[in-house]
Structures are given as C-alpha cells and as structure tokens.
Amino acid sequence: MLAPVLSLCYPQEAMAEPAPFRGIFTALATPFDEQGKVDADSYRNLIEYQIEAGIHGLVPVGTTGESPTLDHEEHKRVIALCIEYAAGRVPVIAGAGANATVEAVNLALFAKQAGAQATLQVTPYYNKPTQEGLYAHFRTVAEQSDLPVMLYNVPSRTSVHLEVATVVRLVENCPLVVALKDAAPHDLTRPTLLANAGLRDNFTLLSGEDASLCAFLAMGGEGCVSVASNLVPHAMVELYNCHKKGDGKTMATIRNALMPLCQALFCETSPAPVKYGLCHAGLFQTANTRLPLVEATSTARKKVEQALTEVARYNKSFVPNLKAA
C-alpha cells in the first residue's frame with residue numbers, strides 16, 4: 001500500500017546546501033535475462049564499466065532504465081543494486097518519478113533509505129498538470145523525502161513542459177531542488193535564461209539529449225544525463241573535460257565522431273538501440289526490452305554497429321571492445 005501524501009510542510013530552519021551535480025551522468029539501461037528478469041550480473045558489469053571510465057554519476061531507473069515496465073519491487077531492487085555496486089564511488093541519482101505524487105514520494109523515501117544522493121523526478125505524465133500542479137508536485141516530493149531532487153523535463157515523453165518560470169520558482173523556494181535534466185532540445189535558450197535568473201550556485205543545468213550537448217554547454221549548461229555514455233562513457237567524459245579546459249577543437253572532433261552514435265541510439269524508441277549496443281559489446285547478455293517496447297530492428301542494429309565503428313576509428317579506447325571496430 002502506498003502511504004498518503006502529507007500536507008505541504010516547508011521547514012524554516014537553515015540547512016546545508018547539497019553538493020552540485022556537474023559532469024556526465026549515465027542514464028543506466030536495465031538489463032534483462034533470457035527469462036525477462038532483471039540481470040544483476042550484467043548490471044554490475046555496466047556499472048563497473050561506467051566508474052572505470054570516470055563517469056561523474058549514475059542514474060538508475062529513469063526512461064532509459066524502462067521504469068514504466070518495472071513493478072515496484074523491481075524498481076526498488078534496481079535502485080538498491082546500483083547503490084550497492086557503486087559503493088559510494090560516484091553519486092547515485094535514483095529514478096523515482098511517477099504521475100501520482102504519493103507514488104513519487106514513496107519511491108523517493110525508499111531511495112533515501114537505500115542510500116541514494118538524490119532522486120530524478122520526471123514531470124508527471126498523462127494527467128497533464130498545470131505549472132501550478134508541477135510546482136506543488138516537485139516541492140512535495142522534495143520536502144517529504146528530504147532528499148535532493150533533479151527535475152526532469154522531457155515533453156516528448158510526457159506531453160508536459162516545465163517552464164523556466166516554474167523552475168526558477170522551485171529553486172527559489174525549495175533548497176532541495178538542485179538540478180534540472182532538460183530534454184527539450186528544440187529550445188537551447190533555456191540554459192542561458194536559467195543561468196541569467198541568478199539561481200543559487202548549487203543548482204545545475206544538465207542536458208537530457210546527447211546530440212545537442214555541446215550546444216547546451218555553450219549556452220550555460222553544466223553537463224548531461226546521457227544515454228550514449230552507457231556505451232561510450234570514456235568519450236563522453238573526455239568531451240566534457242575538453243569543455244572544462246576550453247579545448248574547443250578537440251571537443252568538436254569528439255562531437256563529430258559521436259554524432260552518428262547519438263543519432264543511431266534514437267533511430268527507434270530508446271532504450272532498444274542502446275540495449276542492442278550493450279549486448280553487441282558483451283556488457284549485456286541479451287538485448288531484451290519489455291513490452292510494449294520491442295527489440296531493435298535489423299536496420300537499427302546495423303546503424304548502431306556502424307556508429308560504434310566510426311567511434312572506434314577515432315579512438316578504439318572509446319568503445320567497449322574491438323567487436324565494434
């Protein structure tokens with residue numbers, strides 16, 4: 001049973017600001033075995049691969065983690081596995097979003113108990129709340145879980161768009177709202193608009209779309225919650241490091257090498273293409289998705305393979321193994 005949501009209660013006492021989230025955070029795919037169950041061994045392999053590559057954080061059970069098709073116990077288990085395998089080496093921002101505020105609160109409370117550093121909270125889907133509803137939803141989740149929140153704006157998935165003014169209002173009134181994952185690539189003015197709003201230093205803007213990451217960084221963004229980094233974390237980290245060092249030439253070269261992969265991973269509904277890539281690379285045992293998603297078609301598989309070959313041509317160390325070269 002889900003516990004009822006308590007009335008809004010906003011603490012007045014001063015609190016220490018949570019640490020900012022900057023860099024490349026991998027939106028982890030959830031592996032399934034031949035029987036369709038969560039494959040813990042493959043998940044450990046993926047997480048070790050990420051940490052070895054120098055990734056800045058892990059985001060389990062988001063869109064890429066197929067959260068809509070995991071039941072509550074599976075959802076919690078995947079969060080717990082990620083925290084166990086990460087073992088404090090990088091932050092874990094647990095996907096805990098829902099279109100019912102009570103469900104999001106309860107998932108966030110579990111994430112806190114399990115040891116997550118924050119939760120990823122998507123705009124509630126299907127029921128299409130107003131901006132006032134979005135404000136109340138996110139603030140309620142943050143306050144009742146007492147855990148930092150990364151907002152997640154992905155209108156192509158939810159049909160709801162989190163407006164800049166609502167983000168500003170949340171950041172000004174809720175210290176636990178610490179980041180925005182923005183998957184609205186049609187409007188790259190948003191990072192600059194938010195940067196110009198004079199928000200607190202620990203609030204960060206992260207892209208939710210790999211293909212436009214360089215433009216997002218140029219407009220004031222501070223990192224990415226990445227799908228591509230499941231497969232090429234070394235490349236994504238190096239791209240971000242080039243941005244931080246001001247090495248625009250190398251950054252552009254890496255961007256160009258990665259662009260075919262960024263496009264291939266969304267040539268069909270994600271995460272089917274990235275799961276094929278992970279299986280092709282030997283990190284996952286299967287490329288299984290859960291209905292209503294189906295596995296990548298032969299056309300999509302070929303695009304992923306060709307794109308990995310292009311990345312390997314630029315730098316073999318950027319791909320998981322030489323099968324892609």
# chains A, B, ... in the order shown; residues from 1 in each chain; ligands from 1
>>> residues_around(residues="A:Glu163", least_positions_apart="2", cutoff="10 Å", atoms="only C-alpha atoms", output="MDAnalysis selection string")
chainID A and resid 131 134 153 160:161 165:168 190
>>> atom_distance(atom1="atom CA of A:Val164", atom2="atom CA of A:Asp210")
20.9 Å
>>> closest_residue(among="A:Leu194, A:Ala228, A:Leu239, A:Ile55", to="A:Val304", atoms="only C-alpha atoms")
A:Ala228
>>> atom_distance(atom1="atom CA of A:Thr30", atom2="atom CA of A:Val319")
19.4 Å
>>> residues_around(residues="A:Ala29", least_positions_apart="6", cutoff="7 Å", atoms="only C-alpha atoms", output="MDAnalysis selection string")
chainID A and resid 64:65 271 275
>>> write_last_selection(atoms="N, CA and C atoms", output="PDB file, in the first residue's frame")
ATOM      1  N   THR A  64      15.541   5.528 -19.685  1.00  0.00           N
ATOM      2  CA  THR A  64      16.424   4.529 -20.290  1.00  0.00           C
ATOM      3  C   THR A  64      16.414   3.227 -19.508  1.00  0.00           C
ATOM      4  N   GLY A  65      16.127   3.302 -18.217  1.00  0.00           N
ATOM      5  CA  GLY A  65      16.043   2.117 -17.377  1.00  0.00           C
ATOM      6  C   GLY A  65      14.696   1.426 -17.416  1.00  0.00           C
ATOM      7  N   PRO A 271      14.966   2.537 -24.889  1.00  0.00           N
ATOM      8  CA  PRO A 271      16.365   2.136 -24.978  1.00  0.00           C
ATOM      9  C   PRO A 271      16.672   0.942 -25.870  1.00  0.00           C
ATOM     10  N   LYS A 275      20.363  -0.883 -25.850  1.00  0.00           N
ATOM     11  CA  LYS A 275      20.440  -2.229 -25.273  1.00  0.00           C
ATOM     12  C   LYS A 275      21.034  -3.202 -26.288  1.00  0.00           C
TER      13      LYS A 275
END
>>> select_by_dssp(residues="stretch 158-283 of chain A", states="helix (DSSP H, G or I)", output="PDB file with N, CA and C atoms, in the first residue's frame")
ATOM      1  N   THR A 158       6.223  13.028 -22.074  1.00  0.00           N
ATOM      2  CA  THR A 158       5.185  13.247 -21.059  1.00  0.00           C
ATOM      3  C   THR A 158       4.045  14.152 -21.514  1.00  0.00           C
ATOM      4  N   VAL A 164      10.423  27.739 -17.684  1.00  0.00           N
ATOM      5  CA  VAL A 164      11.549  28.354 -16.979  1.00  0.00           C
ATOM      6  C   VAL A 164      11.081  29.029 -15.694  1.00  0.00           C
ATOM      7  N   ALA A 165       9.978  29.737 -15.748  1.00  0.00           N
ATOM      8  CA  ALA A 165       9.487  30.453 -14.563  1.00  0.00           C
ATOM      9  C   ALA A 165       9.163  29.489 -13.422  1.00  0.00           C
ATOM     10  N   THR A 166       8.670  28.315 -13.750  1.00  0.00           N
ATOM     11  CA  THR A 166       8.357  27.326 -12.716  1.00  0.00           C
ATOM     12  C   THR A 166       9.628  26.761 -12.107  1.00  0.00           C
ATOM     13  N   VAL A 167      10.642  26.528 -12.944  1.00  0.00           N
ATOM     14  CA  VAL A 167      11.936  26.071 -12.427  1.00  0.00           C
ATOM     15  C   VAL A 167      12.504  27.109 -11.465  1.00  0.00           C
ATOM     16  N   VAL A 168      12.491  28.371 -11.873  1.00  0.00           N
ATOM     17  CA  VAL A 168      13.021  29.446 -11.028  1.00  0.00           C
ATOM     18  C   VAL A 168      12.280  29.491  -9.695  1.00  0.00           C
ATOM     19  N   ARG A 169      10.978  29.391  -9.748  1.00  0.00           N
ATOM     20  CA  ARG A 169      10.173  29.425  -8.512  1.00  0.00           C
ATOM     21  C   ARG A 169      10.517  28.258  -7.591  1.00  0.00           C
ATOM     22  N   LEU A 170      10.692  27.080  -8.160  1.00  0.00           N
ATOM     23  CA  LEU A 170      11.058  25.916  -7.348  1.00  0.00           C
ATOM     24  C   LEU A 170      12.423  26.100  -6.695  1.00  0.00           C
ATOM     25  N   VAL A 171      13.390  26.573  -7.471  1.00  0.00           N
ATOM     26  CA  VAL A 171      14.742  26.735  -6.928  1.00  0.00           C
ATOM     27  C   VAL A 171      14.759  27.795  -5.833  1.00  0.00           C
ATOM     28  N   GLU A 172      14.007  28.866  -6.034  1.00  0.00           N
ATOM     29  CA  GLU A 172      13.984  29.944  -5.037  1.00  0.00           C
ATOM     30  C   GLU A 172      13.311  29.522  -3.738  1.00  0.00           C
ATOM     31  N   ASN A 173      12.331  28.622  -3.819  1.00  0.00           N
ATOM     32  CA  ASN A 173      11.529  28.289  -2.641  1.00  0.00           C
ATOM     33  C   ASN A 173      11.811  26.924  -2.044  1.00  0.00           C
ATOM     34  N   ARG A 190      17.105  27.908 -23.047  1.00  0.00           N
ATOM     35  CA  ARG A 190      16.744  27.667 -21.644  1.00  0.00           C
ATOM     36  C   ARG A 190      17.942  27.675 -20.686  1.00  0.00           C
ATOM     37  N   PRO A 191      19.086  27.067 -21.032  1.00  0.00           N
ATOM     38  CA  PRO A 191      20.218  27.147 -20.099  1.00  0.00           C
ATOM     39  C   PRO A 191      20.634  28.586 -19.790  1.00  0.00           C
ATOM     40  N   THR A 192      20.648  29.433 -20.820  1.00  0.00           N
ATOM     41  CA  THR A 192      21.046  30.823 -20.602  1.00  0.00           C
ATOM     42  C   THR A 192      19.989  31.577 -19.808  1.00  0.00           C
ATOM     43  N   LEU A 193      18.722  31.361 -20.114  1.00  0.00           N
ATOM     44  CA  LEU A 193      17.654  32.018 -19.365  1.00  0.00           C
ATOM     45  C   LEU A 193      17.728  31.661 -17.882  1.00  0.00           C
ATOM     46  N   LEU A 194      17.993  30.379 -17.587  1.00  0.00           N
ATOM     47  CA  LEU A 194      18.088  29.957 -16.192  1.00  0.00           C
ATOM     48  C   LEU A 194      19.369  30.468 -15.549  1.00  0.00           C
ATOM     49  N   ALA A 195      20.471  30.462 -16.310  1.00  0.00           N
ATOM     50  CA  ALA A 195      21.719  30.991 -15.766  1.00  0.00           C
ATOM     51  C   ALA A 195      21.583  32.467 -15.428  1.00  0.00           C
ATOM     52  N   ASP A 210      21.867  13.852 -25.873  1.00  0.00           N
ATOM     53  CA  ASP A 210      23.285  13.761 -26.217  1.00  0.00           C
ATOM     54  C   ASP A 210      23.667  14.557 -27.458  1.00  0.00           C
ATOM     55  N   ALA A 211      22.845  14.520 -28.481  1.00  0.00           N
ATOM     56  CA  ALA A 211      23.224  15.095 -29.769  1.00  0.00           C
ATOM     57  C   ALA A 211      23.452  16.600 -29.692  1.00  0.00           C
ATOM     58  N   SER A 212      22.730  17.284 -28.801  1.00  0.00           N
ATOM     59  CA  SER A 212      22.869  18.742 -28.691  1.00  0.00           C
ATOM     60  C   SER A 212      23.670  19.157 -27.460  1.00  0.00           C
ATOM     61  N   LEU A 213      24.417  18.226 -26.864  1.00  0.00           N
ATOM     62  CA  LEU A 213      25.130  18.528 -25.615  1.00  0.00           C
ATOM     63  C   LEU A 213      26.103  19.685 -25.775  1.00  0.00           C
ATOM     64  N   CYS A 214      26.887  19.703 -26.835  1.00  0.00           N
ATOM     65  CA  CYS A 214      27.893  20.760 -26.981  1.00  0.00           C
ATOM     66  C   CYS A 214      27.234  22.134 -27.051  1.00  0.00           C
ATOM     67  N   ALA A 215      26.137  22.226 -27.774  1.00  0.00           N
ATOM     68  CA  ALA A 215      25.402  23.488 -27.837  1.00  0.00           C
ATOM     69  C   ALA A 215      24.833  23.847 -26.462  1.00  0.00           C
ATOM     70  N   PHE A 216      24.341  22.868 -25.747  1.00  0.00           N
ATOM     71  CA  PHE A 216      23.789  23.089 -24.407  1.00  0.00           C
ATOM     72  C   PHE A 216      24.865  23.627 -23.468  1.00  0.00           C
ATOM     73  N   LEU A 217      26.061  23.048 -23.522  1.00  0.00           N
ATOM     74  CA  LEU A 217      27.168  23.520 -22.693  1.00  0.00           C
ATOM     75  C   LEU A 217      27.545  24.949 -23.067  1.00  0.00           C
ATOM     76  N   ALA A 218      27.558  25.237 -24.350  1.00  0.00           N
ATOM     77  CA  ALA A 218      27.913  26.578 -24.800  1.00  0.00           C
ATOM     78  C   ALA A 218      26.914  27.620 -24.330  1.00  0.00           C
ATOM     79  N   ALA A 228      24.097   7.838 -24.407  1.00  0.00           N
ATOM     80  CA  ALA A 228      25.278   7.357 -25.136  1.00  0.00           C
ATOM     81  C   ALA A 228      26.371   6.868 -24.197  1.00  0.00           C
ATOM     82  N   SER A 229      26.469   7.449 -23.008  1.00  0.00           N
ATOM     83  CA  SER A 229      27.542   7.059 -22.089  1.00  0.00           C
ATOM     84  C   SER A 229      27.381   5.638 -21.559  1.00  0.00           C
ATOM     85  N   ASN A 230      26.214   5.019 -21.734  1.00  0.00           N
ATOM     86  CA  ASN A 230      26.123   3.588 -21.458  1.00  0.00           C
ATOM     87  C   ASN A 230      27.178   2.835 -22.257  1.00  0.00           C
ATOM     88  N   PRO A 233      31.269   5.775 -22.314  1.00  0.00           N
ATOM     89  CA  PRO A 233      31.485   6.717 -21.211  1.00  0.00           C
ATOM     90  C   PRO A 233      32.811   7.448 -21.288  1.00  0.00           C
ATOM     91  N   HIS A 234      33.873   6.758 -21.746  1.00  0.00           N
ATOM     92  CA  HIS A 234      35.174   7.422 -21.858  1.00  0.00           C
ATOM     93  C   HIS A 234      35.080   8.629 -22.795  1.00  0.00           C
ATOM     94  N   ALA A 235      34.395   8.453 -23.912  1.00  0.00           N
ATOM     95  CA  ALA A 235      34.270   9.533 -24.885  1.00  0.00           C
ATOM     96  C   ALA A 235      33.460  10.692 -24.326  1.00  0.00           C
ATOM     97  N   MET A 236      32.367  10.380 -23.636  1.00  0.00           N
ATOM     98  CA  MET A 236      31.526  11.444 -23.090  1.00  0.00           C
ATOM     99  C   MET A 236      32.253  12.217 -21.999  1.00  0.00           C
ATOM    100  N   VAL A 237      33.002  11.520 -21.164  1.00  0.00           N
ATOM    101  CA  VAL A 237      33.775  12.198 -20.118  1.00  0.00           C
ATOM    102  C   VAL A 237      34.855  13.072 -20.742  1.00  0.00           C
ATOM    103  N   GLU A 238      35.519  12.556 -21.772  1.00  0.00           N
ATOM    104  CA  GLU A 238      36.568  13.336 -22.429  1.00  0.00           C
ATOM    105  C   GLU A 238      35.986  14.572 -23.107  1.00  0.00           C
ATOM    106  N   LEU A 239      34.819  14.436 -23.705  1.00  0.00           N
ATOM    107  CA  LEU A 239      34.169  15.588 -24.327  1.00  0.00           C
ATOM    108  C   LEU A 239      33.891  16.667 -23.279  1.00  0.00           C
ATOM    109  N   TYR A 240      33.363  16.262 -22.134  1.00  0.00           N
ATOM    110  CA  TYR A 240      33.079  17.220 -21.060  1.00  0.00           C
ATOM    111  C   TYR A 240      34.362  17.847 -20.531  1.00  0.00           C
ATOM    112  N   ASN A 241      35.400  17.037 -20.363  1.00  0.00           N
ATOM    113  CA  ASN A 241      36.678  17.570 -19.873  1.00  0.00           C
ATOM    114  C   ASN A 241      37.265  18.593 -20.841  1.00  0.00           C
ATOM    115  N   CYS A 242      37.106  18.351 -22.137  1.00  0.00           N
ATOM    116  CA  CYS A 242      37.578  19.326 -23.127  1.00  0.00           C
ATOM    117  C   CYS A 242      36.827  20.646 -22.973  1.00  0.00           C
ATOM    118  N   HIS A 243      35.526  20.550 -22.717  1.00  0.00           N
ATOM    119  CA  HIS A 243      34.737  21.767 -22.483  1.00  0.00           C
ATOM    120  C   HIS A 243      35.279  22.527 -21.275  1.00  0.00           C
ATOM    121  N   LYS A 244      35.550  21.814 -20.201  1.00  0.00           N
ATOM    122  CA  LYS A 244      36.039  22.468 -18.979  1.00  0.00           C
ATOM    123  C   LYS A 244      37.409  23.105 -19.200  1.00  0.00           C
ATOM    124  N   LYS A 245      38.240  22.474 -20.021  1.00  0.00           N
ATOM    125  CA  LYS A 245      39.587  23.001 -20.291  1.00  0.00           C
ATOM    126  C   LYS A 245      39.586  24.086 -21.364  1.00  0.00           C
ATOM    127  N   GLY A 248      38.192  23.679 -27.426  1.00  0.00           N
ATOM    128  CA  GLY A 248      37.072  23.567 -28.345  1.00  0.00           C
ATOM    129  C   GLY A 248      37.370  22.728 -29.564  1.00  0.00           C
ATOM    130  N   LYS A 249      38.617  22.717 -30.012  1.00  0.00           N
ATOM    131  CA  LYS A 249      38.963  21.958 -31.215  1.00  0.00           C
ATOM    132  C   LYS A 249      38.806  20.464 -30.990  1.00  0.00           C
ATOM    133  N   THR A 250      39.381  19.950 -29.898  1.00  0.00           N
ATOM    134  CA  THR A 250      39.245  18.516 -29.609  1.00  0.00           C
ATOM    135  C   THR A 250      37.803  18.163 -29.295  1.00  0.00           C
ATOM    136  N   MET A 251      37.130  19.041 -28.586  1.00  0.00           N
ATOM    137  CA  MET A 251      35.726  18.812 -28.255  1.00  0.00           C
ATOM    138  C   MET A 251      34.893  18.649 -29.524  1.00  0.00           C
ATOM    139  N   ALA A 252      35.139  19.496 -30.506  1.00  0.00           N
ATOM    140  CA  ALA A 252      34.386  19.412 -31.761  1.00  0.00           C
ATOM    141  C   ALA A 252      34.696  18.122 -32.503  1.00  0.00           C
ATOM    142  N   THR A 253      35.946  17.677 -32.450  1.00  0.00           N
ATOM    143  CA  THR A 253      36.323  16.434 -33.128  1.00  0.00           C
ATOM    144  C   THR A 253      35.619  15.243 -32.488  1.00  0.00           C
ATOM    145  N   ILE A 254      35.595  15.208 -31.158  1.00  0.00           N
ATOM    146  CA  ILE A 254      34.892  14.121 -30.463  1.00  0.00           C
ATOM    147  C   ILE A 254      33.403  14.192 -30.749  1.00  0.00           C
ATOM    148  N   ARG A 255      32.850  15.392 -30.713  1.00  0.00           N
ATOM    149  CA  ARG A 255      31.422  15.575 -31.020  1.00  0.00           C
ATOM    150  C   ARG A 255      31.080  15.001 -32.385  1.00  0.00           C
ATOM    151  N   ASN A 256      31.907  15.307 -33.374  1.00  0.00           N
ATOM    152  CA  ASN A 256      31.643  14.819 -34.730  1.00  0.00           C
ATOM    153  C   ASN A 256      31.731  13.301 -34.816  1.00  0.00           C
ATOM    154  N   ALA A 257      32.684  12.713 -34.080  1.00  0.00           N
ATOM    155  CA  ALA A 257      32.823  11.253 -34.087  1.00  0.00           C
ATOM    156  C   ALA A 257      31.645  10.577 -33.406  1.00  0.00           C
ATOM    157  N   LEU A 258      31.065  11.250 -32.407  1.00  0.00           N
ATOM    158  CA  LEU A 258      29.959  10.654 -31.647  1.00  0.00           C
ATOM    159  C   LEU A 258      28.592  10.880 -32.288  1.00  0.00           C
ATOM    160  N   MET A 259      28.482  11.862 -33.168  1.00  0.00           N
ATOM    161  CA  MET A 259      27.157  12.225 -33.673  1.00  0.00           C
ATOM    162  C   MET A 259      26.406  11.062 -34.334  1.00  0.00           C
ATOM    163  N   PRO A 260      27.046  10.226 -35.171  1.00  0.00           N
ATOM    164  CA  PRO A 260      26.292   9.093 -35.725  1.00  0.00           C
ATOM    165  C   PRO A 260      25.742   8.157 -34.647  1.00  0.00           C
ATOM    166  N   LEU A 261      26.494   7.971 -33.564  1.00  0.00           N
ATOM    167  CA  LEU A 261      26.010   7.120 -32.479  1.00  0.00           C
ATOM    168  C   LEU A 261      24.837   7.777 -31.758  1.00  0.00           C
ATOM    169  N   CYS A 262      24.956   9.078 -31.474  1.00  0.00           N
ATOM    170  CA  CYS A 262      23.856   9.785 -30.810  1.00  0.00           C
ATOM    171  C   CYS A 262      22.570   9.659 -31.616  1.00  0.00           C
ATOM    172  N   GLN A 263      22.684   9.725 -32.935  1.00  0.00           N
ATOM    173  CA  GLN A 263      21.503   9.599 -33.782  1.00  0.00           C
ATOM    174  C   GLN A 263      21.011   8.157 -33.848  1.00  0.00           C
ATOM    175  N   ALA A 264      21.945   7.205 -33.930  1.00  0.00           N
ATOM    176  CA  ALA A 264      21.555   5.794 -34.029  1.00  0.00           C
ATOM    177  C   ALA A 264      20.817   5.328 -32.784  1.00  0.00           C
ATOM    178  N   ALA A 272      15.785   0.598 -26.809  1.00  0.00           N
ATOM    179  CA  ALA A 272      16.044  -0.592 -27.622  1.00  0.00           C
ATOM    180  C   ALA A 272      17.393  -0.531 -28.347  1.00  0.00           C
ATOM    181  N   PRO A 273      17.744   0.578 -29.017  1.00  0.00           N
ATOM    182  CA  PRO A 273      19.043   0.588 -29.713  1.00  0.00           C
ATOM    183  C   PRO A 273      20.239   0.504 -28.765  1.00  0.00           C
ATOM    184  N   VAL A 274      20.213   1.215 -27.638  1.00  0.00           N
ATOM    185  CA  VAL A 274      21.362   1.162 -26.729  1.00  0.00           C
ATOM    186  C   VAL A 274      21.481  -0.212 -26.090  1.00  0.00           C
ATOM    187  N   LYS A 275      20.363  -0.883 -25.850  1.00  0.00           N
ATOM    188  CA  LYS A 275      20.440  -2.229 -25.273  1.00  0.00           C
ATOM    189  C   LYS A 275      21.034  -3.202 -26.288  1.00  0.00           C
ATOM    190  N   TYR A 276      20.718  -3.001 -27.570  1.00  0.00           N
ATOM    191  CA  TYR A 276      21.384  -3.831 -28.571  1.00  0.00           C
ATOM    192  C   TYR A 276      22.885  -3.561 -28.555  1.00  0.00           C
ATOM    193  N   GLY A 277      23.263  -2.298 -28.505  1.00  0.00           N
ATOM    194  CA  GLY A 277      24.681  -1.957 -28.473  1.00  0.00           C
ATOM    195  C   GLY A 277      25.393  -2.576 -27.292  1.00  0.00           C
ATOM    196  N   LEU A 278      24.772  -2.569 -26.130  1.00  0.00           N
ATOM    197  CA  LEU A 278      25.374  -3.150 -24.933  1.00  0.00           C
ATOM    198  C   LEU A 278      25.517  -4.662 -25.053  1.00  0.00           C
ATOM    199  N   CYS A 279      24.537  -5.295 -25.700  1.00  0.00           N
ATOM    200  CA  CYS A 279      24.631  -6.735 -25.937  1.00  0.00           C
ATOM    201  C   CYS A 279      25.711  -7.030 -26.977  1.00  0.00           C
ATOM    202  N   HIS A 280      25.754  -6.255 -28.035  1.00  0.00           N
ATOM    203  CA  HIS A 280      26.762  -6.395 -29.083  1.00  0.00           C
ATOM    204  C   HIS A 280      28.168  -6.244 -28.513  1.00  0.00           C
TER     205      HIS A 280
END
>>> residues_around(residues="stretch 75-82 of chain A", least_positions_apart="6", cutoff="12 Å", atoms="only C-alpha atoms", output="PyMOL selection string")
chain A and resi 26-32+37-48+50-51+57-62+65-69+88-98+103-104+106-120
>>> select_by_dssp(residues="stretch 37-139 of chain A", states="strand (DSSP E or B)", output="number ranges by chain")
A: 38, 57-59, 92-95, 118-122
>>> closest_residue(among="A:Val177, A:Ile24, A:Val149, A:Cys267", to="A:Gly221", atoms="only C-alpha atoms")
A:Ile24
>>> atom_distance(atom1="atom CA of A:Thr269", atom2="atom CA of A:Ser159")
16.1 Å
>>> closest_residue(among="A:Ala183, A:Ala100, A:Val232, A:Val141", to="A:Lys316", atoms="only C-alpha atoms")
A:Val232
>>> closest_residue(among="A:Val105, A:Leu180, A:Asn99, A:Ala296", to="A:Gln144", atoms="only C-alpha atoms")
A:Val105
>>> closest_residue(among="A:Val225, A:Leu265, A:Ala179, A:Ala300", to="A:Phe25", atoms="only C-alpha atoms")
A:Val225
>>> residues_around(residues="A:His137", least_positions_apart="5", cutoff="9 Å", atoms="only C-alpha atoms", output="ChimeraX atom specification")
/A:100-101,104,123-124,132,142
>>> decode(residues="stretch 227-275 of chain A", atoms="C-alpha atoms", output="PDB file, in the first residue's frame")
ATOM      1  CA  VAL A 227      22.186   7.607 -22.937  1.00  0.00           C
ATOM      2  CA  ALA A 228      25.278   7.357 -25.136  1.00  0.00           C
ATOM      3  CA  SER A 229      27.542   7.059 -22.089  1.00  0.00           C
ATOM      4  CA  ASN A 230      26.123   3.588 -21.458  1.00  0.00           C
ATOM      5  CA  LEU A 231      28.251   2.553 -24.443  1.00  0.00           C
ATOM      6  CA  VAL A 232      30.940   5.237 -24.679  1.00  0.00           C
ATOM      7  CA  PRO A 233      31.485   6.717 -21.211  1.00  0.00           C
ATOM      8  CA  HIS A 234      35.174   7.422 -21.858  1.00  0.00           C
ATOM      9  CA  ALA A 235      34.270   9.533 -24.885  1.00  0.00           C
ATOM     10  CA  MET A 236      31.526  11.444 -23.090  1.00  0.00           C
ATOM     11  CA  VAL A 237      33.775  12.198 -20.118  1.00  0.00           C
ATOM     12  CA  GLU A 238      36.568  13.336 -22.429  1.00  0.00           C
ATOM     13  CA  LEU A 239      34.169  15.588 -24.327  1.00  0.00           C
ATOM     14  CA  TYR A 240      33.079  17.220 -21.060  1.00  0.00           C
ATOM     15  CA  ASN A 241      36.678  17.570 -19.873  1.00  0.00           C
ATOM     16  CA  CYS A 242      37.578  19.326 -23.127  1.00  0.00           C
ATOM     17  CA  HIS A 243      34.737  21.767 -22.483  1.00  0.00           C
ATOM     18  CA  LYS A 244      36.039  22.468 -18.979  1.00  0.00           C
ATOM     19  CA  LYS A 245      39.587  23.001 -20.291  1.00  0.00           C
ATOM     20  CA  GLY A 246      38.404  25.260 -23.103  1.00  0.00           C
ATOM     21  CA  ASP A 247      39.732  22.873 -25.754  1.00  0.00           C
ATOM     22  CA  GLY A 248      37.072  23.567 -28.345  1.00  0.00           C
ATOM     23  CA  LYS A 249      38.963  21.958 -31.215  1.00  0.00           C
ATOM     24  CA  THR A 250      39.245  18.516 -29.609  1.00  0.00           C
ATOM     25  CA  MET A 251      35.726  18.812 -28.255  1.00  0.00           C
ATOM     26  CA  ALA A 252      34.386  19.412 -31.761  1.00  0.00           C
ATOM     27  CA  THR A 253      36.323  16.434 -33.128  1.00  0.00           C
ATOM     28  CA  ILE A 254      34.892  14.121 -30.463  1.00  0.00           C
ATOM     29  CA  ARG A 255      31.422  15.575 -31.020  1.00  0.00           C
ATOM     30  CA  ASN A 256      31.643  14.819 -34.730  1.00  0.00           C
ATOM     31  CA  ALA A 257      32.823  11.253 -34.087  1.00  0.00           C
ATOM     32  CA  LEU A 258      29.959  10.654 -31.647  1.00  0.00           C
ATOM     33  CA  MET A 259      27.157  12.225 -33.673  1.00  0.00           C
ATOM     34  CA  PRO A 260      26.292   9.093 -35.725  1.00  0.00           C
ATOM     35  CA  LEU A 261      26.010   7.120 -32.479  1.00  0.00           C
ATOM     36  CA  CYS A 262      23.856   9.785 -30.810  1.00  0.00           C
ATOM     37  CA  GLN A 263      21.503   9.599 -33.782  1.00  0.00           C
ATOM     38  CA  ALA A 264      21.555   5.794 -34.029  1.00  0.00           C
ATOM     39  CA  LEU A 265      20.590   5.381 -30.379  1.00  0.00           C
ATOM     40  CA  PHE A 266      17.335   7.203 -31.081  1.00  0.00           C
ATOM     41  CA  CYS A 267      16.569   5.877 -34.563  1.00  0.00           C
ATOM     42  CA  GLU A 268      13.961   3.730 -32.794  1.00  0.00           C
ATOM     43  CA  THR A 269      12.410   4.155 -29.369  1.00  0.00           C
ATOM     44  CA  SER A 270      15.080   4.235 -26.682  1.00  0.00           C
ATOM     45  CA  PRO A 271      16.365   2.136 -24.978  1.00  0.00           C
ATOM     46  CA  ALA A 272      16.044  -0.592 -27.622  1.00  0.00           C
ATOM     47  CA  PRO A 273      19.043   0.588 -29.713  1.00  0.00           C
ATOM     48  CA  VAL A 274      21.362   1.162 -26.729  1.00  0.00           C
ATOM     49  CA  LYS A 275      20.440  -2.229 -25.273  1.00  0.00           C
TER      50      LYS A 275
END
